[in-house]
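To keep things clear, I will list the structure first and then write my remarks on it.
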Amino acid sequence: MRVLILSAAILTCSLYLGGSKVQVQDVFEIQVYEYLTTPKGKYNLEVHFNFIASGRKSFKDSTAPTDNVFHLTFELTRGLTEHVELAGYLMLAQRPGGGFEYAGARVRPRFRLPKSWGMPFDFSLSTEVAFPRPEYDANSLTLEIRPIIEKTFERWRLSFNPVIGRALRGPDIGEGFDFEPGAKFAYFLKPKVNVGLEYYGSLGPITNMLPISEQQHLLFPSLDIFFSKNMMINLGVGFSMTGVDEKLIPKMRLGYRF
């Protein structure tokens with residue numbers, strides 16, 4: 001089992017050698033993943049809300065403008081074992097002047113390495129296959145690979161997600177992998193309350209980064225409140241540091257385990 005897990009991790013690292021055109025940061029799930037998976041036999045329902053208060057105002061290929069668009073995503077995760085989970089997503093969007101419409105679906109398995117291995121940091125790995133509508137992604141089938149690297153100290157936690165993604169079907173299928181890193185610093189004011197700073201980027205091809213003026217860099221001051229071990233809320237407001245595409249994004253995420 002350890003050999004299979006380590007082989008998967010090595011394969012993930014090797015995929016960084018691809019190149020591609022830049023893709024914008026995911027606006028349906030603005031979240032830095034943490035190490036822990038859903039416990040065996042439990043479900044975790046997360047509802048993601050965000051509003052693009054200032055975004056792209058014109059079409060980009062087949063994708064619609066993002067300005068003043070509201071996104072609503074339902075994510076249901078099942079713990080298959082103590083170290084493996086499987087999630088499904090339903091994505092909805094509301095563009096100006098219209099009602100909510102179907103924007104796509106996703107499937108995401110994830111595993112984590114046991115703490116008993118005694119590694120200097122916690123590690124898990126998520127792989128996600130998405131089926132977006134053309135108004136929200138020019139590619140009809142995409143792949144995301146997300147390593148989760150985390151270190152927790154007494155009152156603070158640092159999580160790093162060096163995400164890579166590519167098209168599996170669509171106009172960008174021959175382009176290889178984009179690099180979209182995410183990171184979060186969280187400081188626990190109390191055991192059930194933390195303040196944080198979240199970062200999300202879209203830098204272009206791993207082997208040929210875009211100029212800084214064409215990259216997307218977003219910072220989200222955030223607040224997490226854990227009402228109980230089974231219920232939490234995440235609040236944040238994102239600001240673009242480069243003025244590319246989405247520039248101002250309030251967001252909220254509700255989580256409930258049962």
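Just so we're on the same page: first chain in the structure tokens is A, next is B, and so on; residues restart at 1 for each chain, and ligands are numbered from 1 in the order they show up.
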
Using only C-alpha atoms, which residues sit within 7 Å of A:Val195 once same-chain residues fewer than 2 positions away are excluded, as a ChimeraX atom specification? /A:186-188,193,222-224

Near A:Leu125, within 7 Å and counting only C-alpha atoms, which residues show up once chain neighbours fewer than 4 positions away are dropped, as a PyMOL selection string? chain A and resi 110-112+146-148

Using DSSP secondary structure from the backbone, list all strand (DSSP E or B) positions within stretch 100-203 of chain A, as a PyMOL selection string. chain A and resi 100-112+122-132+141-152+156-169+178-190+193-202

Taking 4 positions as the minimum chain separation for residues in the same chain, which residues sit within 6 Å of A:Met252 when counting only C-alpha atoms? Answer as a PyMOL selection string. chain A and resi 49+234-235

Take atom CA of A:Ser240 and atom CA of A:Lys57 and report the distance between them in Å, one decimal. 15.5 Å

Shortest interatomic distance to A:Thr37 - which of A:Gly98, A:Pro205, A:Pro109, A:Gly236, counting only C-alpha atoms: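 That would be A:Pro109, the residue with the smallest distance to A:Thr37.
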
Non-local contacts of stretch 253-258 of chain A (7 Å; only C-alpha atoms; under 6 positions in same chain excluded) as a ChimeraX atom specification: /A:42-49,230-235

Could you save the residues just selected, with C-alpha atoms, as a PDB file, in the first residue's frame?
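And here is the file that came out, selection-v1.pdb:
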ATOM      1  CA  LYS A  42     -19.331   9.870   7.377  1.00  0.00           C
ATOM      2  CA  TYR A  43     -20.655  12.403   4.880  1.00  0.00           C
ATOM      3  CA  ASN A  44     -19.536  16.018   4.625  1.00  0.00           C
ATOM      4  CA  LEU A  45     -21.722  18.530   2.792  1.00  0.00           C
ATOM      5  CA  GLU A  46     -20.143  21.844   1.820  1.00  0.00           C
ATOM      6  CA  VAL A  47     -21.954  24.698   0.115  1.00  0.00           C
ATOM      7  CA  HIS A  48     -19.765  27.279  -1.619  1.00  0.00           C
ATOM      8  CA  PHE A  49     -21.089  30.779  -2.323  1.00  0.00           C
ATOM      9  CA  ASN A 230     -19.617  18.849  12.656  1.00  0.00           C
ATOM     10  CA  MET A 231     -20.426  22.416  11.532  1.00  0.00           C
ATOM     11  CA  MET A 232     -18.291  25.346  10.339  1.00  0.00           C
ATOM     12  CA  ILE A 233     -18.331  28.512   8.251  1.00  0.00           C
ATOM     13  CA  ASN A 234     -15.566  30.168   6.228  1.00  0.00           C
ATOM     14  CA  LEU A 235     -15.843  33.836   5.230  1.00  0.00           C
TER      15      LEU A 235
END

Check the smallest atom-to-atom distance from each of A:Ser54, A:Thr66, A:Val129, A:Asp61 to A:Tyr89 using only C-alpha atoms, then report the winner.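 Nearest to A:Tyr89: A:Val129.
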
Name the closest residue to A:Thr63 among the candidates A:Ser202, A:Ser159, A:Asn208, A:Asn139; distances are taken between atoms, counting only C-alpha atoms. A:Asn139

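Candidate residues A:Pro221, A:Pro132, A:Gly79, A:Pro114 were compared for distance to A:Phe28, and the nearest is A:Pro132, using only C-alpha atoms.
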
Near stretch 178-180 of chain A, counting only C-alpha atoms, which residues have an atom at most 6 Å away, once you skip same-chain residues fewer than 5 positions from it, shown as a PyMOL selection string? chain A and resi 20+163-165+201-206

Using only C-alpha atoms, which of the listed residues (A:Ile225, A:Leu72, A:Ile145, A:Val237) sits closest to A:Gln94?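 Result for the nearest residue to A:Gln94: A:Leu72.
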
Atom CA of A:Glu128 and atom CA of A:Thr142 are how many Å apart?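 Taking atom CA of A:Glu128 as the start and atom CA of A:Thr142 as the end point, the length is 8.2 Å.
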
Taking only C-alpha atoms into account, which of A:Ala105, A:Leu218, A:Phe70, A:Arg166 comes nearest A:Lys247? A:Leu218

Using only C-alpha atoms, determine which residues lie at most 8 Å from A:Ser62, disregarding the query and same-chain residues fewer than 5 positions distant; provide the list as an MDAnalysis selection string. chainID A and resid 134:138

Gap from atom CA of A:Asp122 to atom CA of A:Glu29 - Å, one decimal: 22.3 Å

Can you pull out every residue from stretch 21-238 of chain A that DSSP, working from the backbone, puts in helix (DSSP H, G or I), and format the result as an MDAnalysis selection string? chainID A and resid 115:117 212:214
